[in-house]
Amino acid sequence: MIIIALGAPGAGKGTQAKVISENHGIPHISTGDIFRANIKNQTELGMKAKAYMDQGLLVPDELVVDLLVDRIKQADCVKGYLLDGFPRTIPQAEALDRALNNRGDKVEYAINIDVPDEFIVTRMGGRRACVTCGATYHVEFSPTKVEGICDKCQGSLIVRDDDKPETVMKRLEIYHEQTQPLIDYYAAQGALYTVDGTKDIADVTAQIEAVLSK
Ligand code: ADP
Ligand code: AMP
């Protein structure tokens, strides 16, 4: 089962990917998480990626594609996987298709979590991430039991550098320019399924599960 989560930054891709991947016993692969882990470990890739991420820009395709194609060759991916935040450009989608075609695979479900721009600023402004385990919360829509402390590991919560309001606007602009065209790309392959991402978290999960049971 090869699933892609599409949607604007803050649409709820990571939130849903965690639940859906667990429900189906497949890995959740987030290129954003991979970059943030590299930044935390101060790797060369992390330093390069950070320069783009902090400005709300996409990391160049050449730094992302090989990394992702290597990741999906790993043993835990044999039964499938859920990609969150990849592909983000048409060249990335084409590179993924080439890698999959070589093995007789294809993207089965490109799930577009549809959330209008006016919701996004509130979503990202309230997003909090655990510095230790990366779990994501929202101050209003998905709060922790104790303010500022991760429910899962008791780590501290922070606002992501790229969730500052000026960066959010840039990320949305880049989304519309470079990532939204993927909706037509996957529609043309007959793999596109759109869910209403403005509903509450459990409702969106139910919509996605309904798609996956088709
Ligand atoms: P993405 O991975 O698409 O950037 P996230 O999954 O991190 O988005 O969600 C962005 C923020 O919105 C997080 O703070 C998350 O807790 C919150 N969120 C996610 N889904 C919903 C929803 N359906 N309703 C309200 N808030 C949500
Ligand atoms: P995310 O956690 O998916 O919101 O990603 C955070 C940031 O990482 C993005 O704003 C980009 O700068 C970078 N990034 C993550 N995935 C990709 C990708 N597939 N292509 C380019 N940049 C990416």
# chains A, B, ... in the order shown; residues from 1 in each chain; ligands from 1

$ residues_around --residues "segment 33-38 of chain A" --least-positions-apart "5" --cutoff "8 Å" --atoms "only C-alpha atoms" --output "number ranges by chain"
A: 43-47, 49-50, 134

$ write_last_selection --atoms "N, CA and C atoms" --output "mmCIF file, in the first residue's frame"
data_model
loop_
_atom_site.group_PDB
_atom_site.id
_atom_site.type_symbol
_atom_site.label_atom_id
_atom_site.label_comp_id
_atom_site.auth_asym_id
_atom_site.auth_seq_id
_atom_site.Cartn_x
_atom_site.Cartn_y
_atom_site.Cartn_z
ATOM 1 N N THR A 43 24.106 17.781 10.934
ATOM 2 C CA THR A 43 24.776 17.156 9.783
ATOM 3 C C THR A 43 24.924 18.202 8.675
ATOM 4 N N GLU A 44 25.733 17.856 7.670
ATOM 5 C CA GLU A 44 25.925 18.772 6.539
ATOM 6 C C GLU A 44 24.590 18.974 5.805
ATOM 7 N N LEU A 45 23.847 17.868 5.613
ATOM 8 C CA LEU A 45 22.536 17.971 4.952
ATOM 9 C C LEU A 45 21.608 18.878 5.761
ATOM 10 N N GLY A 46 21.638 18.706 7.079
ATOM 11 C CA GLY A 46 20.785 19.509 7.950
ATOM 12 C C GLY A 46 21.092 20.996 7.814
ATOM 13 N N MET A 47 22.361 21.331 7.774
ATOM 14 C CA MET A 47 22.759 22.747 7.670
ATOM 15 C C MET A 47 22.300 23.333 6.329
ATOM 16 N N ALA A 49 19.780 22.204 4.434
ATOM 17 C CA ALA A 49 18.314 22.247 4.385
ATOM 18 C C ALA A 49 17.783 23.417 5.203
ATOM 19 N N LYS A 50 18.381 23.660 6.356
ATOM 20 C CA LYS A 50 17.890 24.697 7.268
ATOM 21 C C LYS A 50 17.844 26.069 6.601
ATOM 22 N N GLY A 134 9.364 14.998 18.648
ATOM 23 C CA GLY A 134 8.785 15.509 17.402
ATOM 24 C C GLY A 134 7.260 15.445 17.347
#

$ residues_near_ligand --ligand "ligand 2" --cutoff "9 Å" --atoms "only C-alpha atoms and all ligand atoms" --output "VMD selection string"
chain A and resid 8 to 10 13 to 14 30 to 36 49 to 61 63 to 65 68 84 to 89 92 162 168 171 174 to 175

$ closest_atom_pairs --of "chain A" --to "ligand 1" --cutoff "10 Å" --atoms "only C-alpha atoms and all ligand atoms" --output "tab-separated table"
residue	atom	partner	partner_atom_place_in_ligand_line	distance
A:Ala5	CA	ligand 1	3 (O)	8.3
A:Leu6	CA	ligand 1	3 (O)	8.0
A:Gly7	CA	ligand 1	3 (O)	6.3
A:Ala8	CA	ligand 1	3 (O)	6.1
A:Pro9	CA	ligand 1	4 (O)	4.1
A:Gly10	CA	ligand 1	4 (O)	3.5
A:Ala11	CA	ligand 1	3 (O)	4.0
A:Gly12	CA	ligand 1	6 (O)	3.2
A:Lys13	CA	ligand 1	3 (O)	3.6
A:Gly14	CA	ligand 1	2 (O)	3.6
A:Thr15	CA	ligand 1	6 (O)	3.6
A:Gln16	CA	ligand 1	6 (O)	6.4
A:Ala17	CA	ligand 1	6 (O)	7.8
A:Lys18	CA	ligand 1	6 (O)	8.8
A:Ser30	CA	ligand 1	2 (O)	8.6
A:Gly32	CA	ligand 1	2 (O)	8.7
A:Asp33	CA	ligand 1	2 (O)	9.8
A:Asp84	CA	ligand 1	2 (O)	7.1
A:Gly85	CA	ligand 1	2 (O)	7.3
A:Ile113	CA	ligand 1	3 (O)	8.1
A:Val115	CA	ligand 1	23 (N)	9.0
A:Phe119	CA	ligand 1	25 (C)	8.8
A:Ile120	CA	ligand 1	12 (O)	7.9
A:Val121	CA	ligand 1	11 (C)	9.4
A:Thr122	CA	ligand 1	12 (O)	7.9
A:Arg123	CA	ligand 1	12 (O)	4.2
A:Met124	CA	ligand 1	11 (C)	5.3
A:Gly125	CA	ligand 1	14 (O)	7.8
A:Gly126	CA	ligand 1	14 (O)	5.6
A:Arg127	CA	ligand 1	14 (O)	3.2
A:Arg128	CA	ligand 1	14 (O)	5.9
A:Ala129	CA	ligand 1	14 (O)	7.9
A:Ala135	CA	ligand 1	7 (O)	8.9
A:Thr136	CA	ligand 1	16 (O)	5.7
A:Tyr137	CA	ligand 1	16 (O)	4.1
A:His138	CA	ligand 1	14 (O)	3.7
A:Val139	CA	ligand 1	14 (O)	7.2
A:Glu140	CA	ligand 1	26 (N)	7.8
A:Phe141	CA	ligand 1	26 (N)	4.8
A:Ser142	CA	ligand 1	16 (O)	5.1
A:Pro143	CA	ligand 1	16 (O)	7.8
A:Val159	CA	ligand 1	14 (O)	9.7
A:Asp163	CA	ligand 1	4 (O)	9.5
A:Asp196	CA	ligand 1	23 (N)	8.7
A:Gly197	CA	ligand 1	23 (N)	5.6
A:Thr198	CA	ligand 1	23 (N)	5.6
A:Lys199	CA	ligand 1	23 (N)	5.1
A:Asp200	CA	ligand 1	23 (N)	4.0
A:Ile201	CA	ligand 1	23 (N)	3.7
A:Ala202	CA	ligand 1	23 (N)	7.3
A:Asp203	CA	ligand 1	23 (N)	7.4
A:Val204	CA	ligand 1	23 (N)	6.1
A:Thr205	CA	ligand 1	23 (N)	8.5

$ atom_distance --atom1 "atom CA of Pro181 of chain A" --atom2 "atom CA of Asp97 of chain A"
15.6 Å

$ closest_residue --among "A:Val107, A:Leu182, A:Met1, A:Ala95" --to "Glu62 of chain A" --atoms "only C-alpha atoms"
A:Ala95

$ atom_distance --atom1 "atom CA of Met169 of chain A" --atom2 "atom CA of Pro116 of chain A"
13.1 Å

$ closest_residue --among "A:Ala206, A:Gln189, A:Asp161, A:Asp76" --to "Ile39 of chain A" --atoms "only C-alpha atoms"
A:Asp161

$ select_by_dssp --residues "segment 60-171 of chain A" --states "helix (DSSP H, G or I)" --output "PyMOL selection string"
chain A and resi 61-71+75-77+90-101+117-125+161-163+165-171

$ write_last_selection --atoms "C-alpha atoms" --output "compact mmCIF listing (two decimals), in the first residue's frame"
# COMPACT_ATOMS: atom_id res chain seq x y z
CA ASP A 61 15.02 18.56 -5.45
CA GLU A 62 18.56 17.20 -5.70
CA LEU A 63 18.87 17.18 -1.89
CA VAL A 64 15.54 15.40 -1.41
CA VAL A 65 14.98 12.88 -4.19
CA ASP A 66 17.93 10.48 -3.64
CA LEU A 67 17.36 10.57 0.09
CA LEU A 68 13.70 9.55 -0.33
CA VAL A 69 14.37 6.94 -3.02
CA ASP A 70 16.99 5.31 -0.74
CA ARG A 71 14.58 5.39 2.20
CA ALA A 75 13.33 -3.42 4.50
CA ASP A 76 10.50 -1.87 6.53
CA CYS A 77 8.94 -0.56 3.28
CA ILE A 90 6.41 17.77 -10.27
CA PRO A 91 10.07 16.71 -10.80
CA GLN A 92 9.95 14.95 -7.39
CA ALA A 93 6.72 13.14 -8.39
CA GLU A 94 8.27 12.09 -11.70
CA ALA A 95 11.40 10.82 -9.95
CA LEU A 96 9.24 8.84 -7.53
CA ASP A 97 7.22 7.34 -10.40
CA ARG A 98 10.44 6.30 -12.18
CA ALA A 99 11.75 4.62 -9.03
CA LEU A 100 8.41 2.84 -8.50
CA ASN A 101 7.98 1.82 -12.16
CA ASP A 117 -5.75 29.17 3.16
CA GLU A 118 -7.78 31.06 5.77
CA PHE A 119 -7.59 28.04 8.14
CA ILE A 120 -3.88 27.52 7.63
CA VAL A 121 -2.58 30.56 9.50
CA THR A 122 -4.52 29.53 12.65
CA ARG A 123 -3.41 25.92 12.28
CA MET A 124 0.28 26.77 11.98
CA GLY A 125 0.23 29.62 14.48
CA ASP A 161 11.10 28.25 13.27
CA ASP A 162 9.20 27.98 9.99
CA ASP A 163 5.80 28.45 11.69
CA PRO A 165 3.65 34.20 10.56
CA GLU A 166 5.89 35.76 7.87
CA THR A 167 7.35 32.34 6.95
CA VAL A 168 3.88 30.75 6.89
CA MET A 169 2.74 33.18 4.17
CA LYS A 170 5.82 32.36 2.08
CA ARG A 171 5.26 28.62 2.51

$ select_by_dssp --residues "segment 34-165 of chain A" --states "strand (DSSP E)" --output "NGL selection string"
:A and (81-84 or 109-114 or 127-130 or 136-138 or 157-158)

$ atom_distance --atom1 "atom CA of His28 of chain A" --atom2 "atom CA of Val146 of chain A"
26.7 Å

$ decode --residues "segment 119-153 of chain A" --atoms "N, CA and C atoms" --output "short mmCIF file (atom, residue, chain, number, x, y, z; two decimals), in the first residue's frame"
data_model
loop_
_atom_site.label_atom_id
_atom_site.label_comp_id
_atom_site.auth_asym_id
_atom_site.auth_seq_id
_atom_site.Cartn_x
_atom_site.Cartn_y
_atom_site.Cartn_z
N PHE A 119 -7.73 28.89 6.95
CA PHE A 119 -7.59 28.04 8.14
C PHE A 119 -6.11 27.84 8.50
N ILE A 120 -5.27 27.97 7.47
CA ILE A 120 -3.88 27.52 7.63
C ILE A 120 -3.11 28.37 8.64
N VAL A 121 -3.34 29.68 8.61
CA VAL A 121 -2.58 30.56 9.50
C VAL A 121 -2.87 30.21 10.96
N THR A 122 -4.15 29.93 11.27
CA THR A 122 -4.52 29.53 12.65
C THR A 122 -3.91 28.18 12.99
N ARG A 123 -3.96 27.26 12.04
CA ARG A 123 -3.41 25.92 12.28
C ARG A 123 -1.91 26.01 12.61
N MET A 124 -1.17 26.75 11.79
CA MET A 124 0.28 26.77 11.98
C MET A 124 0.70 27.67 13.13
N GLY A 125 -0.09 28.73 13.36
CA GLY A 125 0.23 29.62 14.48
C GLY A 125 0.09 28.89 15.82
N GLY A 126 -0.84 27.93 15.89
CA GLY A 126 -1.06 27.21 17.15
C GLY A 126 -0.30 25.90 17.24
N ARG A 127 0.43 25.55 16.18
CA ARG A 127 1.15 24.26 16.20
C ARG A 127 2.31 24.32 17.20
N ARG A 128 2.44 23.27 17.97
CA ARG A 128 3.58 23.13 18.89
C ARG A 128 4.20 21.76 18.63
N ALA A 129 5.54 21.72 18.66
CA ALA A 129 6.23 20.46 18.40
C ALA A 129 7.13 20.13 19.57
N CYS A 130 7.23 18.84 19.89
CA CYS A 130 8.10 18.42 20.99
C CYS A 130 9.55 18.41 20.51
N VAL A 131 10.43 19.06 21.26
CA VAL A 131 11.86 19.11 20.85
C VAL A 131 12.49 17.73 20.94
N THR A 132 11.95 16.86 21.79
CA THR A 132 12.59 15.56 22.01
C THR A 132 12.08 14.51 21.01
N CYS A 133 10.74 14.32 20.93
CA CYS A 133 10.25 13.22 20.08
C CYS A 133 9.56 13.69 18.81
N GLY A 134 9.36 15.00 18.65
CA GLY A 134 8.78 15.51 17.40
C GLY A 134 7.26 15.45 17.35
N ALA A 135 6.60 14.94 18.40
CA ALA A 135 5.13 14.88 18.38
C ALA A 135 4.57 16.29 18.18
N THR A 136 3.42 16.36 17.51
CA THR A 136 2.82 17.64 17.16
C THR A 136 1.49 17.84 17.89
N TYR A 137 1.29 19.04 18.38
CA TYR A 137 0.05 19.40 19.09
C TYR A 137 -0.45 20.72 18.53
N HIS A 138 -1.65 21.11 19.01
CA HIS A 138 -2.17 22.44 18.68
C HIS A 138 -2.73 23.04 19.96
N VAL A 139 -2.42 24.30 20.24
CA VAL A 139 -2.84 24.89 21.52
C VAL A 139 -4.35 24.85 21.72
N GLU A 140 -5.10 24.93 20.61
CA GLU A 140 -6.55 24.94 20.73
C GLU A 140 -7.19 23.60 20.33
N PHE A 141 -6.71 23.03 19.20
CA PHE A 141 -7.41 21.88 18.61
C PHE A 141 -6.89 20.53 19.08
N SER A 142 -5.66 20.50 19.61
CA SER A 142 -5.08 19.23 20.04
C SER A 142 -4.09 19.51 21.18
N PRO A 143 -4.61 20.05 22.31
CA PRO A 143 -3.69 20.51 23.36
C PRO A 143 -3.10 19.35 24.18
N THR A 144 -1.95 19.62 24.79
CA THR A 144 -1.35 18.64 25.70
C THR A 144 -2.08 18.72 27.04
N LYS A 145 -1.89 17.67 27.87
CA LYS A 145 -2.55 17.67 29.19
C LYS A 145 -1.97 18.79 30.06
N VAL A 146 -0.64 18.93 30.02
CA VAL A 146 0.02 20.01 30.77
C VAL A 146 0.61 20.97 29.74
N GLU A 147 0.28 22.26 29.87
CA GLU A 147 0.72 23.24 28.87
C GLU A 147 2.24 23.22 28.69
N GLY A 148 2.68 23.15 27.45
CA GLY A 148 4.12 23.25 27.15
C GLY A 148 4.90 21.96 27.33
N ILE A 149 4.22 20.87 27.75
CA ILE A 149 4.92 19.60 28.00
C ILE A 149 4.31 18.48 27.16
N CYS A 150 5.18 17.72 26.46
CA CYS A 150 4.72 16.65 25.58
C CYS A 150 4.04 15.53 26.38
N ASP A 151 2.85 15.11 25.94
CA ASP A 151 2.13 14.01 26.62
C ASP A 151 2.90 12.70 26.52
N LYS A 152 3.64 12.53 25.39
CA LYS A 152 4.24 11.22 25.14
C LYS A 152 5.56 11.04 25.86
N CYS A 153 6.40 12.11 25.91
CA CYS A 153 7.75 11.91 26.46
C CYS A 153 8.15 12.98 27.48
#
